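What follows is a single structure, written as structure tokens, with notes after it.
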2 protein chains.
Amino acid sequence: MRRPRRKAEETREDILATAEVLFRKQGIAKSSIADIAQQLGMSPANVFKHFHTKGALVDAICDRHVRRMVDRFGSFDDPAPAPERLPLVVCKLMEAHLQDIRDNPFFLELIFLMPKTDLASGQRYRDLIEELFRDVISAGIKSGVYRCDDLDAVTQHVSAAFASVLHPVFLAEATEEELKARCAGIAGLVNAALQSPLAK
Amino acid sequence: MRRPRRKAEETREDILATAEVLFRKQGIAKSSIADIAQQLGMSPANVFKHFHTKGALVDAICDRHVRRMVDRFGSFDDPAPAPERLPLVVCKLMEAHLQDIRDNPFFLELIFLMPKTDLASGQRYRDLIEELFRDVISAGIKSGVYRCDDLDAVTQHVSAAFASVLHPVFLAEATEEELKARCAGIAGLVNAALQSPLAK
């Protein structure tokens, strides 16, 4: 009884992998479900059975990328004090994003194609990024080096402050050197803010 | 002798205004120089005489928007202390950007169409925004409330930290309420940082 289910999962993976190659080659807008089906030698109806819309397919591809990227950070258990960890985490995160957008330029197209679609992967991405920042900030609070009354609010503001080193739009238009300097500069501001008696 | 020149300037203005209406209606990608010429009842060659490429035309339109927006801030000579001024300036700037992107959704298209073209208006925009932040920060330093060794570097980092309330990509996907909370939150971080003994 298990066999058909396993096959469905394999088919799903095949569709995702094929769609990703096609998106990489000719962009999202120019790749249709029919093109993807043709590449796989299956009927468009079969693809639709797994992904009801192209949006759902794009969402699943983004989700895979987000999970893979964040998984690499799950093991990043650095015992260094938070003010030292923060710039390192940001810089590693920026480099991972930069690699991903260089390998998959269709992420930039996605932002323009689907600004209003609210892909579930987008929200999950923001949650995972905030979790990474929350980890560093709460470690800093526990060790007494950061002051902060409202961890959730501060985490959100810190994540937002780093948008210009993480969002594909900025990664596409700046050099790696500029991005690194920006990571260090914003981390410096955030570190000064969170260690300040004025921090809320 | 002045007449032909004045006429050239008027023609230039007519082309810009017509192109902008067309971009607003059908987007940049779908509007050709030929369409713009047709709307004006002139030959495409005549339009090309004023703007050698569509990129140059787009650049000139962006430039007009940037100048108009920043001009509104030139007169914003608030005597309030820098830590009070900063969140106000950011919030006003965010609202002006939001209005501009709502009235002209083609700005979002621009970012996707021309990420690598390095429009001159883009650099001028960044310079003008940095100038606004530099004004507030240097006023804060003069009055002794902000501490900062390197005004230029700090201005750049502060500008970058506010990207998520100014860049069209973020304005298009967040609500006005979220954006206001983000303005206040990041301004709070920057204020705490610049008033901290740790500020560099």
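Naming works like this for the structure tokens: A, B, ... for the chains as they're shown, residue 1 at the start of each chain, ligands 1 onward in shown order.
Excluding Pro44 in chain B and any residue on its chain fewer than 6 positions from it, the residues at most 7 Å away by only C-alpha atoms are B:Ile33, B:Ala34, B:Ala37.
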Sorted per-residue table, chain B near chain A, closest atoms and distance, 6 Å, only C-alpha atoms, as a Markdown table:
| residue | atom | partner | partner_atom | distance |
| --- | --- | --- | --- | --- |
| B:His157 | CA | A:Gly185 | CA | 5.4 |
| B:Ala160 | CA | A:Ser164 | CA | 6.0 |
| B:Ala161 | CA | A:Ala161 | CA | 4.3 |
| B:Ala163 | CA | A:Ser164 | CA | 5.9 |
| B:Ser164 | CA | A:Ala163 | CA | 5.9 |
| B:Gly185 | CA | A:His157 | CA | 5.5 |
| B:Ile186 | CA | A:His157 | CA | 5.6 |
| B:Leu189 | CA | A:Ala193 | CA | 5.4 |
| B:Ala192 | CA | A:Ala193 | CA | 4.6 |
| B:Ala193 | CA | A:Ala193 | CA | 3.8 |
| B:Ser196 | CA | A:Ser196 | CA | 5.3 |
| B:Leu198 | CA | A:Ala192 | CA | 5.4 |
| B:Ala199 | CA | A:Ala192 | CA | 5.8 |
*Which residues in chain A does DSSP call helix (DSSP H, G or I)? List them as an MDAnalysis selection string.*
chainID A and resid 2:26 33:40 44:50 54:74 82:103 106:113 120:142 151:161 163:166 168:171 176:194
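Using only C-alpha atoms, the nearest neighbour of Phe106 in chain B within the list B:Ala8, B:Val90, B:Ala29, B:Leu57 is B:Ala29.
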Near Phe107 in chain A, within 10 Å and counting only C-alpha atoms, which residues show up once chain neighbours fewer than 4 positions away are dropped, as a compact mmCIF listing (two decimals) with C-alpha atoms, in the first residue's frame?
# COMPACT_ATOMS: atom_id res chain seq x y z
CA PHE A 23 13.02 28.80 -14.13
CA ARG A 24 16.79 29.14 -13.92
CA GLY A 27 12.66 32.69 -15.96
CA ILE A 28 9.34 32.10 -14.23
CA VAL A 58 6.95 28.56 -7.05
CA CYS A 62 11.12 28.86 -2.49
CA ASP A 100 21.32 31.66 -3.64
CA ILE A 101 20.35 34.68 -5.73
CA ARG A 102 23.41 34.25 -7.97
CA ASP A 103 22.55 30.60 -8.57
CA ILE A 111 9.49 39.62 -6.22
CA PHE A 112 8.23 41.55 -9.17
CA LEU A 113 5.81 38.92 -10.43
CA PRO A 168 17.48 39.96 -3.23
CA VAL A 169 16.84 43.48 -4.56
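For the residues B:Glu176, B:Leu22, B:Ala139, B:Ser121, ranking by smallest atom-to-atom distance to Asp63 in chain B using only C-alpha atoms places B:Ser121 first.
For the residues B:Val47, B:Lys92, B:Arg147, B:Ala19, ranking by smallest atom-to-atom distance to Phe73 in chain B using only C-alpha atoms places B:Lys92 first.
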